[in-house]
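What follows is one structure encoded as structure tokens, with my remarks underneath.
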Amino acid sequence: MTKKKIATIWMDGCSGCHMSFLDIDHRLLDIADLIELVHSPLVDHKDFPPDVDVTLVEGAVSSNEDLEKILKVRARTKILVSMGDCAVNANVPAMRNRFTPKALNEAIYLAPNMAQPQIPHGTVPTLLPQVRPVHAVVKVDVYVPGCPPSNDTLFYVLSELIHGRMPDLSDKTRFGA
Amino acid sequence: MSRVVTLKINGQDVSGREDESILDVARENGIEIPTLCQLDGLSNVGACRLCLVEIVGVSRLLPACVTRVAEGMEVNTESERLLRYRRMIVEMLFSEGNHVCPVCISNGHCELQDTAIALQINHIGMPYRFPVRQVDASHARYGLDPNRCILCTRCVRVCDEIEGAHTWDIMGRGIASQLVTDLATPWGESETCTSCGKCVQICPTGALFIKGKSVGEMTKRPDFLPYLAMMRNRKNGS
Amino acid sequence: MHLEDLQRITEEHHAAEAGLKHVLYVCSGTACQSSRSDEVVKALQAELKARGLEATCEVRQGGCQGLCARGPMAALDQGKVVYQHLTPEDAPTVVETLDSQPPDHLQLPSTMPFFTRQVRIATQIAGLLDPNELNSYIAAGGYQALLDALSNKTSNEVLQEIVRSNLRGRGGAGYPTGLKWSTVAKAPQTPKYVVVNGDEGDPGAFMDRSLMEDYPFRVLEGMTLAAYAVGASYGYIYVRAEYPLAVKRLQSAIKQAQKQNLLGSNIAGTTFSFNVEIRLGAGAFVCGEETALIASIEGGRGTPRPRPPYPAESGLWGKPTLINNVETMANIVPIIQNGGEWFAEIGTEKSKGTKVFALSGRINNTGLIEVPMGITLREIIFEIGGGIPDGKRFKAVQTGGPSGGCIPEQYLDMPVDYESLASIGSIMGSGGMIVMDETSCMVDVAKYFMEFSMAESCGKCVPCRVGTAQMYDLLCKISEGRATLDDLVLLESLCDMVKHTSLCGLGQAAPNPVVSTLRYFRDEYLAHITEKRCAAGVCQIKHEPLEVHS
């Protein structure tokens, strides 16, 4: 049996979902023979590889960098998983949607307590007008709400997907779980 | 005196009094129909549309909370179509406001959240509207976060019908509707509010809350309501 | 006031008229007033005075002649000559040619299909009497029906006449009027109320405004007959405040009728008493919905409530309430005068009588018409309406306002009645008819009506409050060329859901403009979505890179 190519990406989120993913702990070893982790914020591949079987997406689409990333990931992934509330419903990152990116930049980078108040250009990603959930931008195949989804939930999702089954999450997680 | 009638709900034979609603009779028989605007002890407005049911021989869907049972009625509460509509209604409510469950004081004790879980909603299919709404924290003990308000008008009704103050009402129309105290003055400056807190206890979400609670700490206790309503009815002799 | 008094007033009026050589009624409706018809009246009166003709010729304010596009209009001697485009400067010419032929540019041929193809029952002689004068109405046969009914017919006989006529509600849904009346008549509770719904809010509809402005006594008399038939003692006319002239004329009509004991206690010396009050709407479209209208009259926020119970059983303050539209009420008097059978002979099998339509949009003869049920849309638009201006091609006609649909060319030969219009996804509605030609984009039209429904939603129920906003957003996305085929799927499922789950008619019908344009003009939606192109050149296509659903 060929190993399933698994990837994870991290956009606008707190990395809590990745932490929960790592909390799968030793059980990761149980499935290590079945998967190949081809890309992850923790693995440091420069470019997202082609022909990935499953990608777990943490975070909402918030900046132009996120947007480029998710488009490429979608194009190179068979099953895209929205992992956690930020990916599923934009969650806390979307609380900035009531402000314009300009107002946000000014409030942060031109704050009076800044040593050298200036709005950065080119060094940080440009904010999109609104933070949006992943499925508002690309097609999503599996939704795993939760903030973060528990390690059990994520392990269940992963095991089902690598065995070619669609996970049924109705009694396993929820918004804000 | 009301007559007793027999009818079928989801194929099950049940009986009810003629002045009971389909919702009453369904619940008495352990048949769950989701609701958000309905609350025992308050008048029914039929506004959330979650309790719509199919009745054989009636072309329209009717809200179970305000539709009386009748002899020989055949009610269906669980069709694929009704479930689809209910999911869409809940998705609409999520898309309409700014519901950020993980940082909400009512996380885990929220009727909107519970309804979404019961309907197996794992994402919101329609675009979020991300409205800009201001929190009112002017009251000494309570707060209003309209981002979490679903305009069920339970607070409006409890304040008017039970407390008799009518501090709350709805201002504006359509998608711009919003909850206001008095004539849209800050809650803390309201001349009519008695600070009884009934509105907070019957609010289905975290929109109305007690100050000082943190994430997931706000548990609502609406149980007082049927008792108060019963006492009031007894006093009025009805 | 008794039947003999009516006779006397009529005779006196005719005697006075006989002494006049010419009577000219200048339209004083809102449309003609906005093109200075009141100045035209003054100029003509001054001109007559200057020539010493004021004793033999009279210029009066009259009602609507129908062809608003040619206003200000006027009718001389019972319509012998019909004037168009009058200005105060034309006064000398008009007065000079009273006995001869006025210049061609000032008159309209009476053989025009616009006039000859109409059948006027509700608007009968609305253009040829002074809407401010009770005696003018009486001389034209007014109040005969009421006084005759009060002294010679039982209330049930009046009711049965309406049942026999098969008249259906002209507010849009076409509920049988006789059935509604008998339900209220049979309701055990008292007091009962009669409400006239004059909250005409459809864009492009002005039938009820015109009837209230030109024919206030006709509406009042019909309402009084209705009260007699159902046993009501109190009535309200609910008029939107945007119709100040209608309000003024109704107020004056109520005052005059009260003075002559045609309203009030013991009308015409009988035991029947009926009082009428006007209530002003604050401009909410939803208040045309009967339960919202009731809430508004009661002094509450104008929001609908679930039906049943219907107002006929539990309406104003929980009492049995008859609610009829203005045009329905304007049909009552002729039915009582001529009998239900007479009315039932006009029209089609299921839709009897006539219907008043307001023609607007891309059509030559913009204005108000009354036609028999069963006439075809083609006859209305191309014969009576004079076709499409500037040689453009007809594309669709919208009936029923924000609750109706767009009808394409292939159905132009279909007879106009309640069932036919419903069968092709539109509704009769209250009578607005907006004609569109090739310069209209149907996505843009749907977006326009959805914006209207969204703004007018009361916000009470979730599907209408949120659904109309979601549908509007999606239509914006489509019209701007930013949408995907997935968005179209979502739009269609929202249409279905909002239609079947909304609390009142506003929400239930709000998807109709989208559904009907999708049914007949789907290619236009697809052109916006897949080709990013608006064939009519109306929509501003934008390019936003964020939408990349695969």
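In the structure tokens, the first chain shown is A, the next is B, and so on; residue numbers restart at 1 for each chain, and ligands run from 1 in the order shown.
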Which neighbours of stretch 114-131 of chain B fall inside 9 Å, counting only C-alpha atoms, when residues of the same chain fewer than 6 positions from it are skipped, and could you give them as a PyMOL selection string? (chain A and resi 88-89+94-95+97-98+130+132-133+135-136+143-145+169-171+173-175) or (chain B and resi 34-36+83+86-88+90-92+94-98+108+147) or (chain C and resi 470+473+490)
Sorted per-residue table, chain B near chain C, closest atoms and distance, 8 Å, only C-alpha atoms, as JSON lines:
```
{"residue": "B:Val45", "atom": "CA", "partner": "C:Arg305", "partner_atom": "CA", "distance": 6.8}
{"residue": "B:Gly46", "atom": "CA", "partner": "C:Pro306", "partner_atom": "CA", "distance": 6.5}
{"residue": "B:Ala47", "atom": "CA", "partner": "C:Cys461", "partner_atom": "CA", "distance": 4.3}
{"residue": "B:Cys48", "atom": "CA", "partner": "C:Cys461", "partner_atom": "CA", "distance": 5.5}
{"residue": "B:Arg49", "atom": "CA", "partner": "C:Thr501", "partner_atom": "CA", "distance": 6.5}
{"residue": "B:Leu52", "atom": "CA", "partner": "C:Thr501", "partner_atom": "CA", "distance": 7.5}
{"residue": "B:Arg60", "atom": "CA", "partner": "C:His500", "partner_atom": "CA", "distance": 7.1}
{"residue": "B:Leu61", "atom": "CA", "partner": "C:His500", "partner_atom": "CA", "distance": 6.9}
{"residue": "B:Val66", "atom": "CA", "partner": "C:Pro306", "partner_atom": "CA", "distance": 7.7}
{"residue": "B:Thr67", "atom": "CA", "partner": "C:Pro308", "partner_atom": "CA", "distance": 7.9}
{"residue": "B:Tyr85", "atom": "CA", "partner": "C:Met497", "partner_atom": "CA", "distance": 6.1}
{"residue": "B:Met88", "atom": "CA", "partner": "C:Met497", "partner_atom": "CA", "distance": 7.9}
{"residue": "B:Ile89", "atom": "CA", "partner": "C:Pro463", "partner_atom": "CA", "distance": 6.5}
{"residue": "B:Met92", "atom": "CA", "partner": "C:Val466", "partner_atom": "CA", "distance": 6.1}
{"residue": "B:Leu93", "atom": "CA", "partner": "C:Val462", "partner_atom": "CA", "distance": 7.3}
{"residue": "B:Glu96", "atom": "CA", "partner": "C:Val466", "partner_atom": "CA", "distance": 6.5}
{"residue": "B:Met126", "atom": "CA", "partner": "C:Leu490", "partner_atom": "CA", "distance": 7.6}
{"residue": "B:Pro127", "atom": "CA", "partner": "C:Gln470", "partner_atom": "CA", "distance": 7.6}
{"residue": "B:Leu151", "atom": "CA", "partner": "C:Lys460", "partner_atom": "CA", "distance": 7.8}
{"residue": "B:Arg173", "atom": "CA", "partner": "C:Cys458", "partner_atom": "CA", "distance": 4.8}
{"residue": "B:Gly174", "atom": "CA", "partner": "C:Gly459", "partner_atom": "CA", "distance": 3.7}
{"residue": "B:Ile175", "atom": "CA", "partner": "C:Arg465", "partner_atom": "CA", "distance": 5.2}
{"residue": "B:Ala176", "atom": "CA", "partner": "C:Gly459", "partner_atom": "CA", "distance": 7.8}
{"residue": "B:Ser177", "atom": "CA", "partner": "C:Gly459", "partner_atom": "CA", "distance": 6.0}
```
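Ranking A:Ile9, A:Leu42, A:Leu71, A:Ile119 by their shortest atom-to-atom distance to A:Leu22, with only C-alpha atoms included, puts A:Leu42 first.
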Would you please give, as a PyMOL selection string, all residues of stretch 244-363 of chain C that DSSP assigns to helix (DSSP H, G or I) based on the backbone? chain C and resi 244-259+267-269+285-288+290-297+316-318+326-330+332-338+340-344
Based on only C-alpha atoms, which of the residues in chain A come within 7 Å of chain C? I want them as a ChimeraX atom specification. /A:137-139
Those selected residues, please, written with N, CA and C atoms and delivered as a compact mmCIF listing (two decimals), in the first residue's frame.
```
# COMPACT_ATOMS: atom_id res chain seq x y z
N VAL A 137 -13.65 30.83 0.02
CA VAL A 137 -12.66 31.12 -1.00
C VAL A 137 -12.41 29.93 -1.92
N VAL A 138 -12.28 28.74 -1.34
CA VAL A 138 -12.11 27.53 -2.15
C VAL A 138 -13.05 26.44 -1.63
N LYS A 139 -13.20 25.39 -2.43
CA LYS A 139 -14.07 24.29 -2.04
C LYS A 139 -13.42 23.51 -0.90
```
Report as an MDAnalysis selection string all protein, DNA and RNA residues lying within 7 Å of C:Ser403, evaluated on only C-alpha atoms, omitting residues in the same chain fewer than 2 positions from it. chainID C and resid 400:401 506 509:510 512:513
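A straight line drawn from atom CA of B:Ala140 to atom CA of B:Lys211 is 8.1 Å long.
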Show me, as a list in words, the residues that have an atom within 9 Å of B:Thr192 when counting only C-alpha atoms, minus same-chain residues fewer than 6 positions from it.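 Near B:Thr192, the qualifying residues are Ala165, His166, Thr167, Thr181 and Asp182 of chain B.
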Let me see the file: selected residues, N, CA, C and O atoms, as a compact mmCIF listing (two decimals), in the first residue's frame.
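Saved as out.txt:
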```txt
# COMPACT_ATOMS: atom_id res chain seq x y z
N ALA B 165 -42.52 46.18 32.29
CA ALA B 165 -41.73 47.41 32.13
C ALA B 165 -41.64 47.85 30.67
O ALA B 165 -41.60 49.03 30.36
N HIS B 166 -41.63 46.90 29.76
CA HIS B 166 -41.47 47.17 28.32
C HIS B 166 -40.27 48.08 28.05
O HIS B 166 -40.37 49.07 27.33
N THR B 167 -39.16 47.72 28.67
CA THR B 167 -37.92 48.46 28.41
C THR B 167 -37.36 48.12 27.03
O THR B 167 -36.90 48.99 26.32
N THR B 181 -33.16 49.62 24.22
CA THR B 181 -33.82 49.87 25.49
C THR B 181 -34.43 51.27 25.42
O THR B 181 -33.81 52.19 24.87
N ASP B 182 -35.59 51.43 25.99
CA ASP B 182 -36.36 52.68 25.91
C ASP B 182 -36.38 53.18 24.46
O ASP B 182 -36.62 52.41 23.56
```
Residues within 8 Å of B:Gly143, only C-alpha atoms, excluding chain neighbours under 4 positions, as a ChimeraX atom specification: /B:135-139,207-211
Take the residues that were just selected and, keeping all heavy atoms, output them as an mmCIF file, in the first residue's frame.
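Contents of result03.cif, as written:
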```
data_model
loop_
_atom_site.group_PDB
_atom_site.id
_atom_site.type_symbol
_atom_site.label_atom_id
_atom_site.label_comp_id
_atom_site.auth_asym_id
_atom_site.auth_seq_id
_atom_site.Cartn_x
_atom_site.Cartn_y
_atom_site.Cartn_z
ATOM 1 N N VAL B 135 -21.464 47.072 21.389
ATOM 2 C CA VAL B 135 -21.827 46.479 22.670
ATOM 3 C C VAL B 135 -22.335 47.582 23.603
ATOM 4 O O VAL B 135 -21.823 48.693 23.592
ATOM 5 C CB VAL B 135 -20.605 45.774 23.293
ATOM 6 C CG1 VAL B 135 -20.899 45.318 24.719
ATOM 7 C CG2 VAL B 135 -20.182 44.593 22.431
ATOM 8 N N ASP B 136 -23.385 47.287 24.373
ATOM 9 C CA ASP B 136 -23.877 48.234 25.372
ATOM 10 C C ASP B 136 -23.533 47.682 26.759
ATOM 11 O O ASP B 136 -24.148 46.736 27.234
ATOM 12 C CB ASP B 136 -25.396 48.411 25.218
ATOM 13 C CG ASP B 136 -25.963 49.454 26.186
ATOM 14 O OD1 ASP B 136 -25.227 49.852 27.131
ATOM 15 O OD2 ASP B 136 -27.121 49.864 26.010
ATOM 16 N N ALA B 137 -22.532 48.292 27.381
ATOM 17 C CA ALA B 137 -22.122 47.842 28.714
ATOM 18 C C ALA B 137 -22.436 48.905 29.754
ATOM 19 O O ALA B 137 -21.821 48.964 30.811
ATOM 20 C CB ALA B 137 -20.628 47.514 28.714
ATOM 21 N N SER B 138 -23.434 49.753 29.440
ATOM 22 C CA SER B 138 -23.694 50.890 30.322
ATOM 23 C C SER B 138 -24.455 50.505 31.588
ATOM 24 O O SER B 138 -24.484 51.267 32.547
ATOM 25 C CB SER B 138 -24.482 51.956 29.547
ATOM 26 O OG SER B 138 -25.709 51.404 29.079
ATOM 27 N N HIS B 139 -25.092 49.339 31.585
ATOM 28 C CA HIS B 139 -25.840 48.924 32.773
ATOM 29 C C HIS B 139 -24.862 48.414 33.838
ATOM 30 O O HIS B 139 -23.852 47.786 33.516
ATOM 31 C CB HIS B 139 -26.840 47.815 32.397
ATOM 32 C CG HIS B 139 -27.845 47.531 33.472
ATOM 33 N ND1 HIS B 139 -27.544 46.767 34.578
ATOM 34 C CD2 HIS B 139 -29.135 47.920 33.608
ATOM 35 C CE1 HIS B 139 -28.622 46.701 35.353
ATOM 36 N NE2 HIS B 139 -29.597 47.393 34.780
ATOM 37 N N ALA B 207 -26.169 37.076 24.108
ATOM 38 C CA ALA B 207 -26.398 38.483 23.794
ATOM 39 C C ALA B 207 -26.648 39.303 25.053
ATOM 40 O O ALA B 207 -26.149 40.407 25.204
ATOM 41 C CB ALA B 207 -27.572 38.621 22.823
ATOM 42 N N LEU B 208 -27.451 38.760 25.966
ATOM 43 C CA LEU B 208 -27.670 39.431 27.243
ATOM 44 C C LEU B 208 -26.932 38.625 28.305
ATOM 45 O O LEU B 208 -27.083 37.404 28.386
ATOM 46 C CB LEU B 208 -29.165 39.499 27.568
ATOM 47 C CG LEU B 208 -29.988 40.400 26.646
ATOM 48 C CD1 LEU B 208 -31.476 40.257 26.949
ATOM 49 C CD2 LEU B 208 -29.569 41.855 26.780
ATOM 50 N N PHE B 209 -26.139 39.302 29.108
ATOM 51 C CA PHE B 209 -25.297 38.551 30.044
ATOM 52 C C PHE B 209 -25.095 39.325 31.335
ATOM 53 O O PHE B 209 -25.340 40.539 31.398
ATOM 54 C CB PHE B 209 -23.944 38.226 29.400
ATOM 55 C CG PHE B 209 -23.202 39.432 28.898
ATOM 56 C CD1 PHE B 209 -22.341 40.140 29.736
ATOM 57 C CD2 PHE B 209 -23.351 39.868 27.584
ATOM 58 C CE1 PHE B 209 -21.653 41.252 29.281
ATOM 59 C CE2 PHE B 209 -22.662 40.990 27.123
ATOM 60 C CZ PHE B 209 -21.819 41.676 27.975
ATOM 61 N N ILE B 210 -24.665 38.580 32.349
ATOM 62 C CA ILE B 210 -24.314 39.202 33.623
ATOM 63 C C ILE B 210 -22.838 39.572 33.570
ATOM 64 O O ILE B 210 -22.005 38.751 33.161
ATOM 65 C CB ILE B 210 -24.582 38.243 34.791
ATOM 66 C CG1 ILE B 210 -26.092 37.958 34.859
ATOM 67 C CG2 ILE B 210 -24.078 38.829 36.115
ATOM 68 C CD1 ILE B 210 -26.456 36.934 35.918
ATOM 69 N N LYS B 211 -22.529 40.784 33.936
ATOM 70 C CA LYS B 211 -21.136 41.227 33.874
ATOM 71 C C LYS B 211 -20.267 40.407 34.828
ATOM 72 O O LYS B 211 -20.728 39.984 35.887
ATOM 73 C CB LYS B 211 -21.042 42.706 34.233
ATOM 74 C CG LYS B 211 -21.511 43.623 33.128
ATOM 75 C CD LYS B 211 -21.268 45.065 33.546
ATOM 76 C CE LYS B 211 -21.572 46.017 32.431
ATOM 77 N NZ LYS B 211 -21.404 47.404 32.893
#
```
